[in-house]
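Asks: Sending over entry_13.pdb (PDB, C-alpha atoms).
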ATOM      1  CA  ASN A   6     -18.563   5.012 -50.315  1.00  0.00           C
ATOM      2  CA  LEU A   7     -17.652   8.482 -49.053  1.00  0.00           C
ATOM      3  CA  ILE A   8     -18.428  10.303 -52.322  1.00  0.00           C
ATOM      4  CA  GLN A   9     -21.823   8.645 -52.693  1.00  0.00           C
ATOM      5  CA  ARG A  10     -22.729   9.525 -49.123  1.00  0.00           C
ATOM      6  CA  ARG A  11     -21.594  13.118 -49.589  1.00  0.00           C
ATOM      7  CA  TRP A  12     -23.665  13.954 -52.684  1.00  0.00           C
ATOM      8  CA  GLU A  13     -26.991  12.722 -54.026  1.00  0.00           C
ATOM      9  CA  ASN A  14     -25.727  12.767 -57.637  1.00  0.00           C
ATOM     10  CA  PRO A  15     -21.915  12.601 -57.321  1.00  0.00           C
ATOM     11  CA  VAL A  16     -21.256  12.108 -61.062  1.00  0.00           C
ATOM     12  CA  LEU A  17     -23.090  15.307 -61.950  1.00  0.00           C
ATOM     13  CA  VAL A  18     -21.415  17.224 -59.119  1.00  0.00           C
ATOM     14  CA  ILE A  19     -17.912  16.068 -60.062  1.00  0.00           C
ATOM     15  CA  GLU A  20     -18.365  16.653 -63.781  1.00  0.00           C
ATOM     16  CA  SER A  21     -19.574  20.192 -63.128  1.00  0.00           C
ATOM     17  CA  ASN A  22     -16.681  20.915 -60.758  1.00  0.00           C
ATOM     18  CA  PRO A  23     -14.053  18.202 -60.123  1.00  0.00           C
ATOM     19  CA  TYR A  24     -12.169  20.604 -57.869  1.00  0.00           C
ATOM     20  CA  ILE A  25     -14.784  20.051 -55.189  1.00  0.00           C
ATOM     21  CA  LEU A  26     -13.011  16.750 -54.469  1.00  0.00           C
ATOM     22  CA  ALA A  27      -9.795  18.622 -53.703  1.00  0.00           C
ATOM     23  CA  ASN A  28     -11.647  21.195 -51.602  1.00  0.00           C
ATOM     24  CA  GLU A  29     -13.081  18.327 -49.537  1.00  0.00           C
ATOM     25  CA  ASP A  30      -9.601  16.723 -49.149  1.00  0.00           C
ATOM     26  CA  ILE A  31     -10.749  13.601 -50.984  1.00  0.00           C
ATOM     27  CA  ILE A  32      -8.049  13.882 -53.665  1.00  0.00           C
ATOM     28  CA  SER A  33      -5.103  16.203 -54.238  1.00  0.00           C
ATOM     29  CA  PHE A  34      -5.361  19.393 -56.272  1.00  0.00           C
ATOM     30  CA  GLN A  35      -3.129  17.853 -58.957  1.00  0.00           C
ATOM     31  CA  GLN A  36      -5.478  14.879 -59.308  1.00  0.00           C
ATOM     32  CA  ALA A  37      -8.480  17.183 -59.534  1.00  0.00           C
ATOM     33  CA  ASP A  38      -6.596  19.247 -62.122  1.00  0.00           C
ATOM     34  CA  LYS A  39      -6.074  16.197 -64.327  1.00  0.00           C
ATOM     35  CA  MET A  40      -9.771  15.355 -64.115  1.00  0.00           C
ATOM     36  CA  ALA A  41     -10.712  18.950 -64.900  1.00  0.00           C
ATOM     37  CA  MET A  42      -8.474  19.011 -67.976  1.00  0.00           C
ATOM     38  CA  ASP A  43     -10.182  15.850 -69.256  1.00  0.00           C
ATOM     39  CA  PHE A  44     -13.554  17.533 -68.681  1.00  0.00           C
ATOM     40  CA  GLY A  45     -12.514  20.585 -70.726  1.00  0.00           C
ATOM     41  CA  PHE A  46     -11.688  23.052 -67.960  1.00  0.00           C
ATOM     42  CA  THR A  47      -9.051  25.667 -68.743  1.00  0.00           C
ATOM     43  CA  ALA A  48      -6.141  26.970 -66.680  1.00  0.00           C
ATOM     44  CA  MET A  49      -8.069  30.185 -65.995  1.00  0.00           C
ATOM     45  CA  SER A  50     -11.309  28.498 -64.867  1.00  0.00           C
ATOM     46  CA  GLU A  51     -12.902  30.231 -61.910  1.00  0.00           C
ATOM     47  CA  SER A  52     -13.373  27.002 -59.959  1.00  0.00           C
ATOM     48  CA  ARG A  53      -9.697  26.118 -60.519  1.00  0.00           C
ATOM     49  CA  ILE A  54      -8.445  29.393 -59.042  1.00  0.00           C
ATOM     50  CA  GLU A  55     -10.815  29.077 -56.092  1.00  0.00           C
ATOM     51  CA  SER A  56      -9.683  25.513 -55.439  1.00  0.00           C
ATOM     52  CA  ILE A  57      -5.962  26.299 -55.604  1.00  0.00           C
ATOM     53  CA  LEU A  58      -6.424  29.075 -53.038  1.00  0.00           C
ATOM     54  CA  ILE A  59      -8.269  26.735 -50.674  1.00  0.00           C
ATOM     55  CA  TYR A  60      -5.685  24.017 -51.320  1.00  0.00           C
ATOM     56  CA  ALA A  61      -2.853  26.448 -50.560  1.00  0.00           C
ATOM     57  CA  LEU A  62      -4.530  27.469 -47.294  1.00  0.00           C
ATOM     58  CA  ASN A  63      -4.946  23.817 -46.315  1.00  0.00           C
ATOM     59  CA  LYS A  64      -1.373  22.865 -47.199  1.00  0.00           C
ATOM     60  CA  TYR A  65       0.607  25.896 -46.103  1.00  0.00           C
ATOM     61  CA  ALA A  66      -1.567  27.113 -43.230  1.00  0.00           C
ATOM     62  CA  ALA A  67      -3.539  24.219 -41.729  1.00  0.00           C
ATOM     63  CA  GLY A  68      -0.670  21.841 -42.496  1.00  0.00           C
ATOM     64  CA  ARG A  69       1.532  23.905 -40.165  1.00  0.00           C
ATOM     65  CA  GLY A  70      -1.086  24.341 -37.465  1.00  0.00           C
ATOM     66  CA  HIS A  71      -2.370  27.761 -38.609  1.00  0.00           C
ATOM     67  CA  THR A  72      -5.805  28.834 -39.775  1.00  0.00           C
ATOM     68  CA  TYR A  73      -4.796  31.600 -42.193  1.00  0.00           C
ATOM     69  CA  LEU A  74      -2.040  32.974 -44.398  1.00  0.00           C
ATOM     70  CA  PRO A  75      -1.100  36.629 -44.832  1.00  0.00           C
ATOM     71  CA  ILE A  76      -2.399  37.685 -48.231  1.00  0.00           C
ATOM     72  CA  ASP A  77       1.084  38.281 -49.702  1.00  0.00           C
ATOM     73  CA  GLU A  78       2.247  34.810 -48.674  1.00  0.00           C
ATOM     74  CA  LEU A  79      -0.924  33.208 -50.022  1.00  0.00           C
ATOM     75  CA  ILE A  80      -0.428  34.964 -53.371  1.00  0.00           C
ATOM     76  CA  GLN A  81       3.204  33.883 -53.487  1.00  0.00           C
ATOM     77  CA  VAL A  82       2.558  30.170 -52.865  1.00  0.00           C
ATOM     78  CA  THR A  83      -0.477  30.159 -55.180  1.00  0.00           C
ATOM     79  CA  ILE A  84       1.482  31.640 -58.084  1.00  0.00           C
ATOM     80  CA  LYS A  85       4.303  29.169 -57.444  1.00  0.00           C
ATOM     81  CA  MET A  86       1.881  26.248 -57.635  1.00  0.00           C
ATOM     82  CA  LEU A  87       0.060  27.554 -60.712  1.00  0.00           C
ATOM     83  CA  ASN A  88       3.157  28.548 -62.682  1.00  0.00           C
ATOM     84  CA  GLY A  89       5.432  25.748 -61.506  1.00  0.00           C
ATOM     85  CA  LYS A  90       6.821  23.032 -63.746  1.00  0.00           C
ATOM     86  CA  ASN A  91       4.641  20.423 -62.004  1.00  0.00           C
ATOM     87  CA  ALA A  92       1.410  22.264 -62.801  1.00  0.00           C
ATOM     88  CA  VAL A  93      -0.980  20.085 -64.805  1.00  0.00           C
ATOM     89  CA  MET A  94      -2.313  23.060 -66.774  1.00  0.00           C
ATOM     90  CA  GLN A  95       0.230  25.731 -67.613  1.00  0.00           C
ATOM     91  CA  GLY A  96      -0.657  29.390 -67.383  1.00  0.00           C
ATOM     92  CA  SER A  97       0.783  32.781 -66.593  1.00  0.00           C
ATOM     93  CA  PHE A  98      -0.568  34.128 -63.327  1.00  0.00           C
ATOM     94  CA  SER A  99       0.479  37.466 -61.841  1.00  0.00           C
ATOM     95  CA  ASP A 100       0.252  39.009 -58.376  1.00  0.00           C
ATOM     96  CA  PRO A 101      -2.443  41.558 -59.393  1.00  0.00           C
ATOM     97  CA  TYR A 102      -4.579  38.823 -60.975  1.00  0.00           C
ATOM     98  CA  ILE A 103      -4.470  36.485 -57.941  1.00  0.00           C
ATOM     99  CA  ARG A 104      -4.979  39.430 -55.582  1.00  0.00           C
ATOM    100  CA  ARG A 105      -8.067  40.439 -57.561  1.00  0.00           C
ATOM    101  CA  LYS A 106      -9.423  36.873 -57.502  1.00  0.00           C
ATOM    102  CA  ILE A 107      -8.928  36.706 -53.737  1.00  0.00           C
ATOM    103  CA  GLY A 108     -10.993  39.881 -53.465  1.00  0.00           C
ATOM    104  CA  ASP A 109     -13.721  38.301 -55.602  1.00  0.00           C
ATOM    105  CA  PHE A 110     -13.865  35.183 -53.430  1.00  0.00           C
ATOM    106  CA  VAL A 111     -13.898  37.313 -50.279  1.00  0.00           C
ATOM    107  CA  ASN A 112     -16.905  39.192 -51.671  1.00  0.00           C
ATOM    108  CA  GLU A 113     -18.602  35.869 -52.415  1.00  0.00           C
ATOM    109  CA  GLY A 114     -17.954  34.602 -48.873  1.00  0.00           C
ATOM    110  CA  THR A 115     -15.679  31.693 -49.858  1.00  0.00           C
ATOM    111  CA  LEU A 116     -12.669  33.362 -48.233  1.00  0.00           C
ATOM    112  CA  ILE A 117     -12.394  35.769 -45.308  1.00  0.00           C
ATOM    113  CA  ASN A 118     -10.000  38.734 -45.247  1.00  0.00           C
ATOM    114  CA  ASP A 119      -9.318  39.708 -41.640  1.00  0.00           C
ATOM    115  CA  ASN A 120      -6.973  42.716 -41.816  1.00  0.00           C
ATOM    116  CA  GLY A 121      -4.861  41.139 -44.536  1.00  0.00           C
ATOM    117  CA  ASP A 122      -4.996  37.596 -43.166  1.00  0.00           C
ATOM    118  CA  ILE A 123      -6.850  35.224 -45.497  1.00  0.00           C
ATOM    119  CA  TYR A 124      -8.931  32.377 -44.106  1.00  0.00           C
ATOM    120  CA  ASN A 125     -11.002  29.588 -45.553  1.00  0.00           C
ATOM    121  CA  ALA A 126     -14.492  30.726 -44.462  1.00  0.00           C
ATOM    122  CA  PHE A 127     -15.165  27.374 -42.778  1.00  0.00           C
ATOM    123  CA  ARG A 128     -11.986  27.521 -40.685  1.00  0.00           C
ATOM    124  CA  TYR A 129     -12.622  31.175 -39.828  1.00  0.00           C
ATOM    125  CA  ALA A 130     -16.048  30.282 -38.423  1.00  0.00           C
ATOM    126  CA  ASN A 131     -14.482  27.474 -36.403  1.00  0.00           C
ATOM    127  CA  GLU A 132     -11.767  29.747 -35.000  1.00  0.00           C
ATOM    128  CA  CYS A 133     -14.317  32.394 -34.009  1.00  0.00           C
ATOM    129  CA  ALA A 134     -16.410  29.748 -32.220  1.00  0.00           C
ATOM    130  CA  VAL A 135     -13.354  28.467 -30.336  1.00  0.00           C
ATOM    131  CA  ALA A 136     -12.323  32.016 -29.391  1.00  0.00           C
ATOM    132  CA  GLU A 137     -15.808  32.816 -28.087  1.00  0.00           C
ATOM    133  CA  ASN A 138     -15.816  29.611 -26.037  1.00  0.00           C
ATOM    134  CA  ILE A 139     -12.420  30.396 -24.529  1.00  0.00           C
ATOM    135  CA  LEU A 140     -13.486  33.959 -23.685  1.00  0.00           C
ATOM    136  CA  ARG A 141     -16.647  32.629 -22.056  1.00  0.00           C
ATOM    137  CA  ARG A 142     -14.647  30.190 -19.943  1.00  0.00           C
ATOM    138  CA  THR A 143     -12.015  32.700 -18.914  1.00  0.00           C
ATOM    139  CA  SER A 144     -14.715  35.006 -17.582  1.00  0.00           C
ATOM    140  CA  LYS A 145     -15.659  32.431 -14.919  1.00  0.00           C
ATOM    141  CA  ASN A 146     -14.158  32.401 -11.436  1.00  0.00           C
ATOM    142  CA  ASN A 147     -11.121  30.198 -10.972  1.00  0.00           C
ATOM    143  CA  PRO A 148     -11.479  28.013  -7.843  1.00  0.00           C
ATOM    144  CA  PHE A 149      -7.742  28.481  -7.218  1.00  0.00           C
ATOM    145  CA  VAL A 150      -7.960  32.275  -7.151  1.00  0.00           C
ATOM    146  CA  GLU A 151      -7.096  32.282  -3.444  1.00  0.00           C
ATOM    147  CA  ALA A 152      -3.967  30.169  -3.908  1.00  0.00           C
ATOM    148  CA  THR A 153      -0.690  31.937  -3.271  1.00  0.00           C
ATOM    149  CA  ASP A 154       2.308  31.672  -5.557  1.00  0.00           C
ATOM    150  CA  GLU A 155       4.099  29.735  -2.790  1.00  0.00           C
ATOM    151  CA  GLN A 156       1.283  27.173  -2.594  1.00  0.00           C
ATOM    152  CA  ILE A 157       1.267  26.656  -6.358  1.00  0.00           C
ATOM    153  CA  GLU A 158       5.062  26.342  -6.488  1.00  0.00           C
ATOM    154  CA  SER A 159       4.980  23.859  -3.620  1.00  0.00           C
ATOM    155  CA  CYS A 160       2.333  21.703  -5.312  1.00  0.00           C
ATOM    156  CA  LEU A 161       4.249  21.805  -8.590  1.00  0.00           C
ATOM    157  CA  ALA A 162       7.429  20.709  -6.828  1.00  0.00           C
ATOM    158  CA  LYS A 163       5.500  17.867  -5.223  1.00  0.00           C
ATOM    159  CA  ALA A 164       4.163  16.826  -8.650  1.00  0.00           C
ATOM    160  CA  GLU A 165       7.686  16.830 -10.089  1.00  0.00           C
ATOM    161  CA  LYS A 166       8.889  14.613  -7.244  1.00  0.00           C
ATOM    162  CA  THR A 167       5.984  12.197  -7.687  1.00  0.00           C
ATOM    163  CA  LEU A 168       6.627  11.936 -11.430  1.00  0.00           C
ATOM    164  CA  GLY A 169      10.382  11.741 -10.987  1.00  0.00           C
ATOM    165  CA  VAL A 170      11.034  14.602 -13.398  1.00  0.00           C
ATOM    166  CA  THR A 171      12.473  18.085 -13.375  1.00  0.00           C
ATOM    167  CA  LEU A 172      10.539  20.396 -15.647  1.00  0.00           C
ATOM    168  CA  ALA A 173      12.269  22.791 -18.001  1.00  0.00           C
ATOM    169  CA  GLU A 174      11.572  26.470 -17.385  1.00  0.00           C
ATOM    170  CA  MET A 175       9.007  26.686 -20.207  1.00  0.00           C
ATOM    171  CA  GLN A 176       7.209  23.618 -18.858  1.00  0.00           C
ATOM    172  CA  ARG A 177       7.180  25.110 -15.368  1.00  0.00           C
ATOM    173  CA  GLN A 178       5.703  28.348 -16.674  1.00  0.00           C
ATOM    174  CA  ALA A 179       2.985  26.400 -18.512  1.00  0.00           C
ATOM    175  CA  ALA A 180       2.104  24.487 -15.359  1.00  0.00           C
ATOM    176  CA  LEU A 181       1.947  27.681 -13.298  1.00  0.00           C
ATOM    177  CA  VAL A 182      -0.270  29.360 -15.888  1.00  0.00           C
ATOM    178  CA  ALA A 183      -2.593  26.329 -15.932  1.00  0.00           C
ATOM    179  CA  ALA A 184      -3.050  26.551 -12.177  1.00  0.00           C
ATOM    180  CA  ARG A 185      -4.291  30.111 -12.601  1.00  0.00           C
ATOM    181  CA  SER A 186      -6.494  29.510 -15.654  1.00  0.00           C
ATOM    182  CA  LEU A 187      -9.679  27.590 -16.331  1.00  0.00           C
ATOM    183  CA  THR A 188      -8.545  26.959 -19.901  1.00  0.00           C
ATOM    184  CA  THR A 189      -4.967  26.331 -20.976  1.00  0.00           C
ATOM    185  CA  ILE A 190      -3.636  25.537 -24.446  1.00  0.00           C
ATOM    186  CA  VAL A 191      -0.309  23.693 -24.597  1.00  0.00           C
ATOM    187  CA  THR A 192       1.432  23.612 -27.971  1.00  0.00           C
ATOM    188  CA  GLY A 193       4.760  22.356 -29.270  1.00  0.00           C
ATOM    189  CA  GLY A 194       6.334  19.965 -31.714  1.00  0.00           C
ATOM    190  CA  PRO A 195       7.063  16.258 -31.154  1.00  0.00           C
ATOM    191  CA  GLY A 196       9.450  15.608 -28.310  1.00  0.00           C
ATOM    192  CA  MET A 197       9.088  19.086 -26.809  1.00  0.00           C
ATOM    193  CA  GLY A 198       7.691  17.794 -23.515  1.00  0.00           C
ATOM    194  CA  LYS A 199       3.952  18.430 -23.842  1.00  0.00           C
ATOM    195  CA  THR A 200       2.976  15.086 -22.310  1.00  0.00           C
ATOM    196  CA  THR A 201       5.317  15.493 -19.330  1.00  0.00           C
ATOM    197  CA  CYS A 202       4.040  19.025 -18.819  1.00  0.00           C
ATOM    198  CA  LEU A 203       0.440  17.809 -18.991  1.00  0.00           C
ATOM    199  CA  LYS A 204       1.059  15.137 -16.349  1.00  0.00           C
ATOM    200  CA  ALA A 205       2.623  17.735 -14.065  1.00  0.00           C
ATOM    201  CA  VAL A 206      -0.280  20.140 -14.600  1.00  0.00           C
ATOM    202  CA  LEU A 207      -2.915  17.527 -13.738  1.00  0.00           C
ATOM    203  CA  LEU A 208      -1.059  16.390 -10.635  1.00  0.00           C
ATOM    204  CA  THR A 209      -0.389  19.962  -9.521  1.00  0.00           C
ATOM    205  CA  LEU A 210      -4.111  20.753  -9.747  1.00  0.00           C
ATOM    206  CA  ASP A 211      -4.954  17.682  -7.645  1.00  0.00           C
ATOM    207  CA  TYR A 212      -2.401  18.624  -4.988  1.00  0.00           C
ATOM    208  CA  LEU A 213      -3.601  22.221  -5.011  1.00  0.00           C
ATOM    209  CA  ALA A 214      -7.201  21.137  -4.455  1.00  0.00           C
ATOM    210  CA  GLN A 215      -6.017  19.122  -1.448  1.00  0.00           C
ATOM    211  CA  GLU A 216      -3.970  22.070  -0.180  1.00  0.00           C
ATOM    212  CA  LEU A 217      -6.969  24.432  -0.382  1.00  0.00           C
ATOM    213  CA  GLN A 218      -9.361  21.760   0.887  1.00  0.00           C
ATOM    214  CA  ILE A 219     -11.744  22.088  -2.035  1.00  0.00           C
ATOM    215  CA  PRO A 220     -13.333  19.293  -4.125  1.00  0.00           C
ATOM    216  CA  GLU A 221     -11.110  17.834  -6.826  1.00  0.00           C
ATOM    217  CA  LEU A 222     -11.788  19.551 -10.144  1.00  0.00           C
ATOM    218  CA  ARG A 223     -13.320  17.827 -13.158  1.00  0.00           C
ATOM    219  CA  LYS A 224     -10.705  18.204 -15.888  1.00  0.00           C
ATOM    220  CA  THR A 225     -11.340  17.944 -19.639  1.00  0.00           C
ATOM    221  CA  LEU A 226      -8.550  17.267 -22.133  1.00  0.00           C
ATOM    222  CA  ALA A 227      -8.708  17.675 -25.904  1.00  0.00           C
ATOM    223  CA  ALA A 228      -6.266  17.187 -28.789  1.00  0.00           C
ATOM    224  CA  PRO A 229      -6.398  18.238 -32.458  1.00  0.00           C
ATOM    225  CA  SER A 230      -6.058  14.718 -33.891  1.00  0.00           C
ATOM    226  CA  GLY A 231      -7.115  11.160 -33.083  1.00  0.00           C
ATOM    227  CA  MET A 232      -3.511  10.014 -32.682  1.00  0.00           C
ATOM    228  CA  ALA A 233      -2.714  12.877 -30.309  1.00  0.00           C
ATOM    229  CA  ALA A 234      -5.860  12.182 -28.283  1.00  0.00           C
ATOM    230  CA  LYS A 235      -4.927   8.486 -28.026  1.00  0.00           C
ATOM    231  CA  ARG A 236      -1.408   9.360 -26.897  1.00  0.00           C
ATOM    232  CA  MET A 237      -2.799  11.785 -24.331  1.00  0.00           C
ATOM    233  CA  LYS A 238      -5.251   9.215 -22.971  1.00  0.00           C
ATOM    234  CA  GLU A 239      -2.530   6.560 -22.648  1.00  0.00           C
ATOM    235  CA  SER A 240      -0.199   8.959 -20.859  1.00  0.00           C
ATOM    236  CA  THR A 241      -2.602  10.455 -18.349  1.00  0.00           C
TER     237      THR A 241
END
What does this structure look like when you write it as structure tokens?
Replies:
Amino acid sequence: NLIQRRWENPVLVIESNPYILANEDIISFQQADKMAMDFGFTAMSESRIESILIYALNKYAAGRGHTYLPIDELIQVTIKMLNGKNAVMQGSFSDPYIRRKIGDFVNEGTLINDNGDIYNAFRYANECAVAENILRRTSKNNPFVEATDEQIESCLAKAEKTLGVTLAEMQRQAALVAARSLTTIVTGGPGMGKTTCLKAVLLTLDYLAQELQIPELRKTLAAPSGMAAKRMKEST
């Protein structure tokens, strides 16, 4: 199974630190806490504090589409989880104590403090890699650099007519930005019109290539989850 594939001696690993299962999103922090209590861990155990911080970042940052939490917010949610009535092991945790522990884990490299924003080190490395890739792409020449605003607007209007839709102003702005950029990130909650906007963007780029008499561009689409990628593939 997953645990056996992950570690050569999973029993030894889990007994020495059951919180590693929560850190790897295999079980919840509360489940790991119950295991830890059975193994003799205390409420103030170092691995417990580290795990709750990582768990809080996963739940309150990554769970909302972010990669970090401001340090004050992270401290607030961590204390609430540790001191709450649903905590498996009861303790009394203060702001100075959690702030000091965050500093310790930053020094160890488990967490990253970027001007008061706290990241899981793994997610921070990922975000830096994505940022570098985007910067590298944006430094390249856009084949539509010669297109006028009138040409782009005309191609967008043609795409709207073909699709039988009228884009909202925010969708129109996104489509116009995409025509000027090699890399475009479209975000928004369910039902906000991302798929419709994406269809319009792709069609606008095709029409613009025809208008400028240049080869049709190779376009790459990506989504943050398997379900979103499937939906995107079905729609485009």
Asks: From the list A:Leu172, A:Gln81, A:Leu74, A:Ser21, which residue is nearest Asp119 of chain A when using all atoms listed in the file?
Replies: A:Leu74
Asks: Carefully work through the PyMOL selection byres ((chain A and resi 116) around 9) for this structure and note down the residues it includes, as number ranges by chain.
Replies: A: 58-59, 107-115, 117-118, 123-127, 129
Asks: Could those residues be written to a file, using C-alpha atoms, as an mmCIF file, in the coordinates of the input?
Replies:
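Output (again.cif):
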data_model
loop_
_atom_site.group_PDB
_atom_site.id
_atom_site.type_symbol
_atom_site.label_atom_id
_atom_site.label_comp_id
_atom_site.auth_asym_id
_atom_site.auth_seq_id
_atom_site.Cartn_x
_atom_site.Cartn_y
_atom_site.Cartn_z
ATOM 1 C CA LEU A 58 -6.424 29.075 -53.038
ATOM 2 C CA ILE A 59 -8.269 26.735 -50.674
ATOM 3 C CA ILE A 107 -8.928 36.706 -53.737
ATOM 4 C CA GLY A 108 -10.993 39.881 -53.465
ATOM 5 C CA ASP A 109 -13.721 38.301 -55.602
ATOM 6 C CA PHE A 110 -13.865 35.183 -53.430
ATOM 7 C CA VAL A 111 -13.898 37.313 -50.279
ATOM 8 C CA ASN A 112 -16.905 39.192 -51.671
ATOM 9 C CA GLU A 113 -18.602 35.869 -52.415
ATOM 10 C CA GLY A 114 -17.954 34.602 -48.873
ATOM 11 C CA THR A 115 -15.679 31.693 -49.858
ATOM 12 C CA ILE A 117 -12.394 35.769 -45.308
ATOM 13 C CA ASN A 118 -10.000 38.734 -45.247
ATOM 14 C CA ILE A 123 -6.850 35.224 -45.497
ATOM 15 C CA TYR A 124 -8.931 32.377 -44.106
ATOM 16 C CA ASN A 125 -11.002 29.588 -45.553
ATOM 17 C CA ALA A 126 -14.492 30.726 -44.462
ATOM 18 C CA PHE A 127 -15.165 27.374 -42.778
ATOM 19 C CA TYR A 129 -12.622 31.175 -39.828
#
Asks: Can you translate the PyMOL selection byres ((chain A and resi 164) around 10) into the concrete residues it hits in this file, as a list in words?
Replies: Glu158, Ser159, Cys160, Leu161, Ala162, Lys163, Glu165, Lys166, Thr167, Leu168, Gly169, Val170, Thr171, Lys204, Ala205, Val206, Leu207, Leu208, Thr209, Leu210, Asp211 and Tyr212 of chain A
Asks: What is the distance between atom CA of Leu79 of chain A and atom CA of Arg53 of chain A, in Å to one decimal?
Replies: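 Taking atom CA of Leu79 of chain A and atom CA of Arg53 of chain A, their separation equals 15.4 Å.
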Asks: Within 12 Å of Met40 of chain A, counting only C-alpha atoms, which residues show up once you throw out same-chain ones fewer than 3 positions away? Write them as a count of residues only, please.
Replies: 23
Asks: Considering all atoms listed in the file, state which residue in the set A:Gly194, A:Ala234, A:Thr201, A:Gly96 is at the smallest distance from Ala179 of chain A.
Replies: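 Looking only at the distances to Ala179 of chain A, the closest residue turns out to be A:Thr201.
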Asks: Work out how far atom CA of Gly89 of chain A is from atom CA of Met49 of chain A, in Å to one decimal.
Replies: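 Interatomic distance here is 14.9 Å.
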Asks: I'd like to know which of A:Asn14, A:Lys39, A:Ile76, A:Ala227 is closest to Arg105 of chain A, using all atoms listed in the file.
Replies: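 Smallest distance to Arg105 of chain A is found for A:Ile76.
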Asks: If we count only C-alpha atoms, what is near Gln218 of chain A at a cut-off of 12 Å, once residues fewer than 3 positions away on the same chain are taken out, given as JSON, numbers by chain?
Replies: {"A": [148, 149, 151, 152, 210, 211, 212, 213, 214, 215, 221, 222]}
Asks: Restricting the calculation to all atoms listed in the file, which member of A:Ile31, A:Asn138, A:Arg128, A:Lys235 is positioned closest to Gly70 of chain A?
Replies: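 Using all atoms listed in the file, the shortest distance to Gly70 of chain A belongs to A:Arg128.
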Asks: Quick one: pull the distance between atom CA of Met175 of chain A and atom CA of Lys145 of chain A, Å, one decimal.
Replies: 25.9 Å
Asks: Which of these residues is nearest to Glu78 of chain A, using only C-alpha atoms: A:Glu51, A:Asp38, A:Asp122, A:Glu132?
Replies: A:Asp122
Asks: To test the calculation: enclose all listed atoms of segment 190-199 of chain A in a box whose edges run along x, y and z, add 6 Å on each side, then state centre and edge lengths in Å to one decimal, as lines of an AutoDock Vina configuration file.
Replies:
center_x = 2.9
center_y = 20.6
center_z = -27.6
size_x = 25.1
size_y = 21.9
size_z = 20.2
Asks: When distances are computed from all atoms listed in the file, which of A:Asp100, A:Leu87, A:Gln95, A:Arg69 shows the smallest separation from Gly193 of chain A?
Replies: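 That would be A:Arg69, the residue with the smallest distance to Gly193 of chain A.
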